[in-house]
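Participant: Contents of structure_7.json (JSON, C-alpha atoms and all ligand atoms) are below:
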```
[["chain", "number", "residue", "atom", "x", "y", "z"],
["A", 1, "MET", "CA", 83.24, 103.63, 167.67],
["A", 2, "PRO", "CA", 86.39, 102.11, 166.13],
["A", 3, "GLN", "CA", 85.17, 103.06, 162.61],
["A", 4, "LEU", "CA", 85.02, 106.82, 163.36],
["A", 5, "PRO", "CA", 88.58, 107.79, 162.26],
["A", 6, "GLY", "CA", 88.13, 105.91, 158.97],
["A", 7, "LEU", "CA", 84.73, 107.53, 158.42],
["A", 8, "MET", "CA", 86.12, 111.03, 159.06],
["A", 9, "LYS", "CA", 89.03, 110.35, 156.73],
["A", 10, "GLY", "CA", 86.65, 109.19, 153.98],
["A", 11, "LEU", "CA", 84.40, 112.25, 154.44],
["A", 12, "GLY", "CA", 87.50, 114.45, 154.28],
["A", 13, "VAL", "CA", 88.41, 113.00, 150.89],
["A", 14, "THR", "CA", 84.80, 113.44, 149.70],
["A", 15, "PHE", "CA", 84.66, 117.14, 150.66],
["A", 16, "LYS", "CA", 88.12, 117.82, 149.25],
["A", 17, "THR", "CA", 87.09, 116.29, 145.92],
["A", 18, "MET", "CA", 83.78, 118.20, 145.90],
["A", 19, "LEU", "CA", 85.55, 121.54, 146.33],
["A", 20, "ALA", "CA", 88.42, 120.86, 143.91],
["A", 21, "GLY", "CA", 86.47, 121.97, 140.81],
["A", 22, "ALA", "CA", 85.79, 120.10, 137.57],
["A", 23, "VAL", "CA", 88.65, 118.64, 135.56],
["A", 24, "THR", "CA", 86.45, 118.38, 132.46],
["A", 25, "VAL", "CA", 85.62, 121.19, 130.02],
["A", 26, "GLN", "CA", 82.35, 122.01, 128.26],
["A", 27, "TYR", "CA", 83.28, 120.75, 124.79],
["A", 28, "PRO", "CA", 82.53, 121.98, 122.09],
["A", 29, "HIS", "CA", 82.13, 125.43, 123.72],
["A", 30, "VAL", "CA", 85.57, 125.05, 125.34],
["A", 31, "LYS", "CA", 88.35, 123.28, 123.44],
["A", 32, "GLU", "CA", 91.51, 122.04, 125.03],
["A", 33, "ALA", "CA", 94.70, 121.97, 122.97],
["A", 34, "PRO", "CA", 95.90, 118.35, 122.90],
["A", 35, "PRO", "CA", 99.58, 117.60, 123.55],
["A", 36, "THR", "CA", 101.70, 117.75, 120.38],
["A", 37, "ARG", "CA", 102.24, 114.00, 120.31],
["A", 38, "ALA", "CA", 98.62, 113.06, 121.09],
["A", 39, "ARG", "CA", 97.17, 110.15, 119.11],
["A", 40, "GLY", "CA", 94.33, 111.96, 117.37],
["A", 41, "VAL", "CA", 94.23, 110.67, 113.82],
["A", 42, "ILE", "CA", 96.64, 108.87, 111.48],
["A", 43, "ALA", "CA", 97.97, 110.76, 108.45],
["A", 44, "LEU", "CA", 99.28, 109.12, 105.27],
["A", 45, "LYS", "CA", 102.20, 110.43, 103.24],
["A", 46, "GLU", "CA", 101.21, 108.67, 100.03],
["A", 47, "GLU", "CA", 104.46, 109.23, 98.12],
["A", 48, "ASN", "CA", 106.37, 107.27, 100.79],
["A", 49, "CYS", "CA", 104.06, 104.23, 100.71],
["A", 50, "THR", "CA", 105.44, 101.22, 98.83],
["A", 51, "VAL", "CA", 102.26, 99.10, 99.21],
["A", 52, "CYS", "CA", 104.25, 96.62, 101.33],
["A", 53, "MET", "CA", 101.07, 95.79, 103.35],
["A", 54, "LEU", "CA", 103.01, 95.53, 106.62],
["A", 55, "CYS", "CA", 100.72, 97.96, 108.45],
["A", 56, "ALA", "CA", 97.57, 96.14, 107.29],
["A", 57, "ARG", "CA", 99.01, 92.76, 108.34],
["A", 58, "GLU", "CA", 100.07, 93.97, 111.79],
["A", 59, "CYS", "CA", 96.88, 95.94, 112.59],
["A", 60, "PRO", "CA", 95.19, 93.99, 115.42],
["A", 61, "ASP", "CA", 91.74, 95.26, 114.37],
["A", 62, "TRP", "CA", 92.10, 94.57, 110.64],
["A", 63, "CYS", "CA", 90.86, 98.06, 109.91],
["A", 64, "ILE", "CA", 93.39, 99.08, 107.24],
["A", 65, "TYR", "CA", 92.37, 98.27, 103.67],
["A", 66, "ILE", "CA", 95.03, 98.50, 100.97],
["A", 67, "GLU", "CA", 94.95, 97.78, 97.26],
["A", 68, "GLY", "CA", 97.69, 98.46, 94.78],
["A", 69, "HIS", "CA", 99.33, 97.40, 91.57],
["A", 70, "ALA", "CA", 102.80, 97.57, 90.04],
["A", 71, "ASP", "CA", 103.62, 99.60, 86.93],
["A", 72, "LEU", "CA", 106.68, 98.98, 84.81],
["A", 73, "ALA", "CA", 109.15, 101.85, 85.16],
["A", 74, "PRO", "CA", 112.26, 102.53, 83.03],
["A", 75, "PRO", "CA", 115.50, 100.92, 84.28],
["A", 76, "ARG", "CA", 117.73, 102.96, 86.57],
["A", 77, "ARG", "CA", 120.79, 102.32, 84.38],
["A", 78, "GLU", "CA", 121.16, 102.06, 80.65],
["A", 79, "GLY", "CA", 120.78, 98.45, 79.49],
["A", 80, "GLY", "CA", 119.12, 97.43, 82.77],
["A", 81, "LYS", "CA", 115.79, 95.68, 83.21],
["A", 82, "PRO", "CA", 112.55, 97.68, 83.58],
["A", 83, "ARG", "CA", 111.64, 98.14, 87.26],
["A", 84, "ARG", "CA", 108.39, 97.35, 89.01],
["A", 85, "ALA", "CA", 107.05, 100.56, 90.55],
["A", 86, "PRO", "CA", 104.31, 99.97, 93.19],
["A", 87, "LYS", "CA", 101.25, 102.23, 92.97],
["A", 88, "LEU", "CA", 98.68, 102.71, 95.70],
["A", 89, "ASP", "CA", 95.08, 102.39, 94.49],
["A", 90, "ARG", "CA", 93.32, 102.28, 97.84],
["A", 91, "PHE", "CA", 94.37, 103.02, 101.41],
["A", 92, "ASP", "CA", 91.51, 103.28, 103.90],
["A", 93, "ILE", "CA", 91.46, 103.30, 107.69],
["A", 94, "ASP", "CA", 88.18, 102.56, 109.43],
["A", 95, "TYR", "CA", 88.19, 104.72, 112.55],
["A", 96, "SER", "CA", 85.05, 103.03, 113.85],
["A", 97, "LEU", "CA", 87.26, 99.96, 114.45],
["A", 98, "CYS", "CA", 90.68, 101.50, 115.11],
["A", 99, "MET", "CA", 91.80, 101.30, 118.76],
["A", 100, "TYR", "CA", 94.61, 103.86, 118.34],
["A", 101, "CYS", "CA", 97.31, 101.42, 119.36],
["A", 102, "GLY", "CA", 99.82, 102.99, 116.95],
["A", 103, "ILE", "CA", 101.22, 99.66, 115.72],
["A", 104, "CYS", "CA", 100.73, 100.66, 112.06],
["A", 105, "VAL", "CA", 102.72, 103.88, 112.57],
["A", 106, "GLU", "CA", 105.48, 101.98, 114.40],
["A", 107, "VAL", "CA", 105.89, 99.17, 111.89],
["A", 108, "CYS", "CA", 105.84, 101.22, 108.67],
["A", 109, "PRO", "CA", 109.41, 100.91, 107.37],
["A", 110, "PHE", "CA", 109.06, 103.83, 104.93],
["A", 111, "ASP", "CA", 107.79, 106.68, 107.15],
["A", 112, "ALA", "CA", 104.43, 106.85, 105.41],
["A", 113, "LEU", "CA", 102.22, 106.98, 108.51],
["A", 114, "PHE", "CA", 102.22, 109.69, 111.19],
["A", 115, "TRP", "CA", 100.17, 110.67, 114.21],
["A", 116, "SER", "CA", 98.34, 113.98, 114.12],
["A", 117, "PRO", "CA", 96.84, 115.46, 117.32],
["A", 118, "GLU", "CA", 93.68, 116.47, 115.38],
["A", 119, "TYR", "CA", 90.61, 114.91, 116.97],
["A", 120, "GLU", "CA", 87.57, 116.69, 115.53],
["A", 121, "TYR", "CA", 86.32, 114.19, 112.98],
["A", 122, "SER", "CA", 83.26, 112.66, 114.58],
["A", 123, "GLU", "CA", 80.46, 111.79, 112.15],
["A", 124, "PRO", "CA", 76.72, 111.27, 112.47],
["A", 125, "ARG", "CA", 77.00, 108.16, 110.25],
["A", 126, "ILE", "CA", 79.42, 105.45, 111.38],
["A", 127, "ALA", "CA", 80.21, 104.59, 107.75],
["A", 128, "ASP", "CA", 81.73, 108.07, 107.32],
["A", 129, "LEU", "CA", 84.50, 107.16, 109.77],
["A", 130, "LEU", "CA", 86.17, 105.27, 106.93],
["A", 131, "HIS", "CA", 88.88, 107.68, 105.75],
["A", 132, "ASP", "CA", 90.26, 107.13, 102.24],
["A", 133, "LYS", "CA", 93.80, 107.96, 101.14],
["A", 134, "GLU", "CA", 92.85, 111.49, 100.04],
["A", 135, "ARG", "CA", 91.41, 112.27, 103.47],
["A", 136, "LEU", "CA", 94.31, 110.56, 105.25],
["A", 137, "GLY", "CA", 96.66, 112.62, 103.09],
["A", 138, "GLU", "CA", 94.94, 115.86, 104.12],
["A", 139, "TRP", "CA", 95.74, 115.10, 107.76],
["A", 140, "MET", "CA", 99.47, 115.46, 106.91],
["A", 141, "GLU", "CA", 99.05, 119.25, 107.20],
["A", 142, "THR", "CA", 98.24, 118.80, 110.89],
["A", 143, "VAL", "CA", 101.22, 116.55, 111.72],
["A", 144, "PRO", "CA", 103.67, 118.41, 113.98],
["A", 145, "GLU", "CA", 107.36, 118.66, 113.13],
["A", 146, "PRO", "CA", 109.38, 115.84, 114.68],
["A", 147, "PRO", "CA", 111.40, 116.78, 117.77],
["A", 148, "PRO", "CA", 115.12, 117.44, 117.14],
["A", 149, "LEU", "CA", 117.42, 114.42, 117.41],
["A", 150, "GLU", "CA", 119.25, 113.87, 120.67],
["A", 151, "ALA", "CA", 122.96, 114.66, 120.70],
["A", 152, "GLY", "CA", 124.90, 111.83, 119.05],
["A", 153, "ALA", "CA", 121.78, 110.25, 117.49],
["A", 154, "ASP", "CA", 122.55, 111.32, 113.90],
["A", 155, "VAL", "CA", 124.88, 108.46, 112.99],
["A", 156, "LYS", "CA", 124.96, 109.37, 109.27],
["A", 157, "LYS", "CA", 126.72, 112.69, 109.99],
["A", 158, "LYS", "CA", 129.34, 110.95, 112.14],
["A", 159, "LYS", "CA", 130.73, 108.89, 109.26],
["B", 201, "LIG", "S1", 96.32, 102.46, 115.30],
["B", 201, "LIG", "FE1", 96.24, 100.21, 115.66],
["B", 201, "LIG", "S2", 94.10, 99.64, 115.35],
["B", 201, "LIG", "FE2", 94.36, 101.69, 114.45],
["B", 201, "LIG", "S3", 94.81, 101.33, 112.27],
["B", 201, "LIG", "FE3", 96.80, 101.45, 113.35],
["B", 201, "LIG", "S4", 97.32, 99.33, 113.90],
["B", 201, "LIG", "FE4", 95.12, 99.38, 113.38],
["B", 202, "LIG", "S1", 101.92, 102.68, 104.96],
["B", 202, "LIG", "FE1", 103.97, 101.84, 105.30],
["B", 202, "LIG", "S2", 103.64, 99.76, 106.11],
["B", 202, "LIG", "FE2", 101.69, 100.46, 105.18],
["B", 202, "LIG", "S3", 101.75, 99.66, 103.08],
["B", 202, "LIG", "FE3", 102.55, 101.76, 103.01],
["B", 202, "LIG", "S4", 104.79, 101.52, 103.24],
["B", 202, "LIG", "FE4", 103.87, 99.57, 103.87]]
```
For the structure just supplied, provide its representation as structure tokens.
Ligand code: SF4
Ligand code: SF4
Facilitator:
Amino acid sequence: MPQLPGLMKGLGVTFKTMLAGAVTVQYPHVKEAPPTRARGVIALKEENCTVCMLCARECPDWCIYIEGHADLAPPRREGGKPRRAPKLDRFDIDYSLCMYCGICVEVCPFDALFWSPEYEYSEPRIADLLHDKERLGEWMETVPEPPPLEAGADVKKKK
């Protein structure tokens, strides 16, 4: 019986796994706290968004929809030309398409997008997974504080 040691070893693993207990929890009766930096939902800080469209262009799933316009704002200095001030009209993320890759958060040059660990936003209707800018803005309250900078990382203070 040359297969016997392998068979015993396999049965050993089976019994060990059977007795180890479940690694899952009975959600929603039991809720696990996700890690602080978990990718739950994306939050939008609207005042930081310049309508540059970079996030929408880089999103591999094409699930960010942005519309905006530019208002004329007074010049910064006396005698200067009026400025073009971008205004966000629409910013939607369709979470039925999003694959949580985080590219939009990474590429935003103006710190307007953040990960929140919040995950309880399932919907009975798939169309309701489209979050508009008001809803994305509400998620900002659930975004954790960023971790402190590593020693020597704050180059501005060094100068
Ligand atoms: S996380 Fe990825 S898929 Fe989701 S909106 Fe951002 S870029 Fe698109
Ligand atoms: S969220 Fe960031 S990358 Fe996207 S349009 Fe606004 S400023 Fe640009």
Participant: Show which residues sit within 9 Å of region 62-78 of chain A, as a JSON list (two decimals) with C-alpha atoms, in the coordinates of the input. Count only C-alpha atoms, and ignore same-chain residues fewer than 4 positions away.
Facilitator:
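Printed below is result01.json as written:
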```
[["chain", "number", "residue", "atom", "x", "y", "z"],
["A", 51, "VAL", "CA", 102.26, 99.10, 99.21],
["A", 53, "MET", "CA", 101.07, 95.79, 103.35],
["A", 55, "CYS", "CA", 100.72, 97.96, 108.45],
["A", 56, "ALA", "CA", 97.57, 96.14, 107.29],
["A", 57, "ARG", "CA", 99.01, 92.76, 108.34],
["A", 58, "GLU", "CA", 100.07, 93.97, 111.79],
["A", 82, "PRO", "CA", 112.55, 97.68, 83.58],
["A", 83, "ARG", "CA", 111.64, 98.14, 87.26],
["A", 84, "ARG", "CA", 108.39, 97.35, 89.01],
["A", 85, "ALA", "CA", 107.05, 100.56, 90.55],
["A", 86, "PRO", "CA", 104.31, 99.97, 93.19],
["A", 87, "LYS", "CA", 101.25, 102.23, 92.97],
["A", 88, "LEU", "CA", 98.68, 102.71, 95.70],
["A", 89, "ASP", "CA", 95.08, 102.39, 94.49],
["A", 90, "ARG", "CA", 93.32, 102.28, 97.84],
["A", 91, "PHE", "CA", 94.37, 103.02, 101.41],
["A", 92, "ASP", "CA", 91.51, 103.28, 103.90],
["A", 93, "ILE", "CA", 91.46, 103.30, 107.69],
["A", 94, "ASP", "CA", 88.18, 102.56, 109.43],
["A", 95, "TYR", "CA", 88.19, 104.72, 112.55],
["A", 96, "SER", "CA", 85.05, 103.03, 113.85],
["A", 97, "LEU", "CA", 87.26, 99.96, 114.45],
["A", 98, "CYS", "CA", 90.68, 101.50, 115.11],
["A", 104, "CYS", "CA", 100.73, 100.66, 112.06]]
```
Participant: Restricting the calculation to all atoms listed in the file: of A:Ile42, A:Ile126, A:Leu4, A:Val13, which residue gets closest to ligand LIG 202 (chain B)?
Facilitator: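 Smallest distance to ligand LIG 202 (chain B) is found for A:Ile42.
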Participant: Could you give me the centre and size, in Å to one decimal, of an axis-aligned box around all listed atoms of ligand LIG 201 (chain B) with 4 Å added on every side, as JSON?
Facilitator:
```
{"center_x": 95.7, "center_y": 100.9, "center_z": 114.0, "size_x": 11.2, "size_y": 11.1, "size_z": 11.4}
```
Participant: When you draw a straight line from atom FE1 of ligand LIG 201 (chain B) to CA of Glu32 (chain A), how long is it in Å?
Facilitator: 24.2 Å
Participant: Have a look at A:Pro146, A:Gly102, A:Gly6, A:Pro124 and name the one nearest to Val41 (chain A); count all atoms listed in the file.
Facilitator: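 Of all the options, A:Gly102 lies closest to Val41 (chain A).
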Participant: From the set A:Tyr121, A:Trp139, A:Leu54, A:Asp61, which residue has the shortest atom-to-atom contact distance to Val105 (chain A), counting all atoms listed in the file?
Facilitator: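 Of A:Tyr121, A:Trp139, A:Leu54, A:Asp61, the one nearest Val105 (chain A) is A:Leu54, counting all atoms listed in the file.
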Participant: With only C-alpha atoms and all ligand atoms as the atoms that count, which of A:Glu138, A:Glu46, A:Asp132, A:Glu123 lies nearest to ligand LIG 202 (chain B)?
Facilitator: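 Of all the options, A:Glu46 lies closest to ligand LIG 202 (chain B).
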Participant: If I take CA of Trp115 (chain A) and CA of Val25 (chain A), how far is one from the other in Å, to one decimal?
Facilitator: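 The value is 23.9 Å.
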Participant: Can you work out which one of A:Ala153, A:Leu136, A:Val30, A:Cys101 has the shortest atom-to-atom distance to ligand LIG 201 (chain B), counting all atoms listed in the file?
Facilitator: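 With all atoms listed in the file as the atom set, the closest residue is A:Cys101.
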Participant: One decimal, Å: what's the distance from CA of Ala127 (chain A) over to CA of Pro35 (chain A), could you say?
Facilitator: 28.2 Å
Participant: Using all atoms listed in the file for the distances, tell me which of A:Pro144, A:Gly137, A:Gly40, A:Gly152 is nearest to ligand LIG 201 (chain B).
Facilitator: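 Closest to ligand LIG 201 (chain B) of all the choices is A:Gly40.
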Participant: Because some atoms of region 78-89 of chain A are absent here, can you restore all heavy atoms and send them as a short mmCIF file (atom, residue, chain, number, x, y, z; two decimals), keeping the file's coordinate frame?
Facilitator:
```
data_model
loop_
_atom_site.label_atom_id
_atom_site.label_comp_id
_atom_site.auth_asym_id
_atom_site.auth_seq_id
_atom_site.Cartn_x
_atom_site.Cartn_y
_atom_site.Cartn_z
N GLU A 78 121.28 102.43 82.07
CA GLU A 78 121.16 102.06 80.65
C GLU A 78 121.45 100.57 80.48
O GLU A 78 122.42 100.05 81.04
CB GLU A 78 122.17 102.88 79.83
CG GLU A 78 121.71 103.06 78.39
CD GLU A 78 122.71 103.88 77.60
OE1 GLU A 78 123.27 104.85 78.15
OE2 GLU A 78 122.92 103.52 76.44
N GLY A 79 120.60 99.88 79.72
CA GLY A 79 120.78 98.45 79.49
C GLY A 79 120.20 97.58 80.60
O GLY A 79 120.20 96.34 80.49
N GLY A 80 119.69 98.20 81.66
CA GLY A 80 119.12 97.43 82.77
C GLY A 80 117.70 96.95 82.46
O GLY A 80 117.14 97.27 81.41
N LYS A 81 117.16 96.18 83.38
CA LYS A 81 115.79 95.68 83.21
C LYS A 81 114.79 96.74 83.68
O LYS A 81 115.10 97.49 84.60
CB LYS A 81 115.59 94.42 84.05
CG LYS A 81 116.22 93.18 83.48
CD LYS A 81 115.81 92.03 84.34
CE LYS A 81 116.50 90.76 83.87
NZ LYS A 81 116.26 89.66 84.79
N PRO A 82 113.58 96.77 83.06
CA PRO A 82 112.55 97.68 83.58
C PRO A 82 112.23 97.32 85.04
O PRO A 82 112.27 96.16 85.42
CB PRO A 82 111.34 97.42 82.68
CG PRO A 82 111.87 96.70 81.50
CD PRO A 82 113.11 95.99 81.91
N ARG A 83 111.93 98.34 85.83
CA ARG A 83 111.64 98.14 87.26
C ARG A 83 110.15 98.01 87.48
O ARG A 83 109.35 98.49 86.69
CB ARG A 83 112.15 99.33 88.07
CG ARG A 83 113.63 99.45 88.12
CD ARG A 83 114.02 100.71 88.87
NE ARG A 83 113.58 101.92 88.18
CZ ARG A 83 112.82 102.87 88.72
NH1 ARG A 83 112.39 102.74 89.95
NH2 ARG A 83 112.48 103.93 88.05
N ARG A 84 109.80 97.39 88.59
CA ARG A 84 108.39 97.35 89.01
C ARG A 84 108.17 98.48 90.02
O ARG A 84 108.80 98.52 91.07
CB ARG A 84 108.05 96.01 89.66
CG ARG A 84 107.93 94.86 88.66
CD ARG A 84 107.93 93.52 89.37
NE ARG A 84 106.82 93.39 90.31
CZ ARG A 84 105.57 93.07 89.97
NH1 ARG A 84 105.28 92.83 88.70
NH2 ARG A 84 104.63 92.95 90.87
N ALA A 85 107.31 99.42 89.66
CA ALA A 85 107.05 100.56 90.55
C ALA A 85 105.67 100.40 91.19
O ALA A 85 104.66 100.44 90.49
CB ALA A 85 107.12 101.87 89.76
N PRO A 86 105.61 100.17 92.52
CA PRO A 86 104.31 99.97 93.19
C PRO A 86 103.47 101.25 93.19
O PRO A 86 104.00 102.34 93.38
CB PRO A 86 104.70 99.56 94.61
CG PRO A 86 106.09 99.99 94.80
CD PRO A 86 106.74 100.14 93.46
N LYS A 87 102.19 101.08 92.97
CA LYS A 87 101.25 102.23 92.97
C LYS A 87 100.09 101.91 93.91
O LYS A 87 99.53 100.81 93.86
CB LYS A 87 100.69 102.47 91.56
CG LYS A 87 101.70 103.07 90.61
CD LYS A 87 101.76 104.59 90.75
CE LYS A 87 102.78 105.24 89.85
NZ LYS A 87 104.15 104.83 90.02
N LEU A 88 99.76 102.89 94.72
CA LEU A 88 98.68 102.71 95.70
C LEU A 88 97.34 103.06 95.06
O LEU A 88 97.15 104.16 94.56
CB LEU A 88 98.96 103.65 96.88
CG LEU A 88 98.26 103.41 98.20
CD1 LEU A 88 98.55 102.02 98.75
CD2 LEU A 88 98.69 104.47 99.21
N ASP A 89 96.41 102.10 95.03
CA ASP A 89 95.08 102.39 94.49
C ASP A 89 94.10 102.74 95.61
O ASP A 89 93.22 103.57 95.44
CB ASP A 89 94.54 101.16 93.74
CG ASP A 89 95.40 100.85 92.54
OD1 ASP A 89 95.87 101.80 91.89
OD2 ASP A 89 95.61 99.65 92.26
#
```
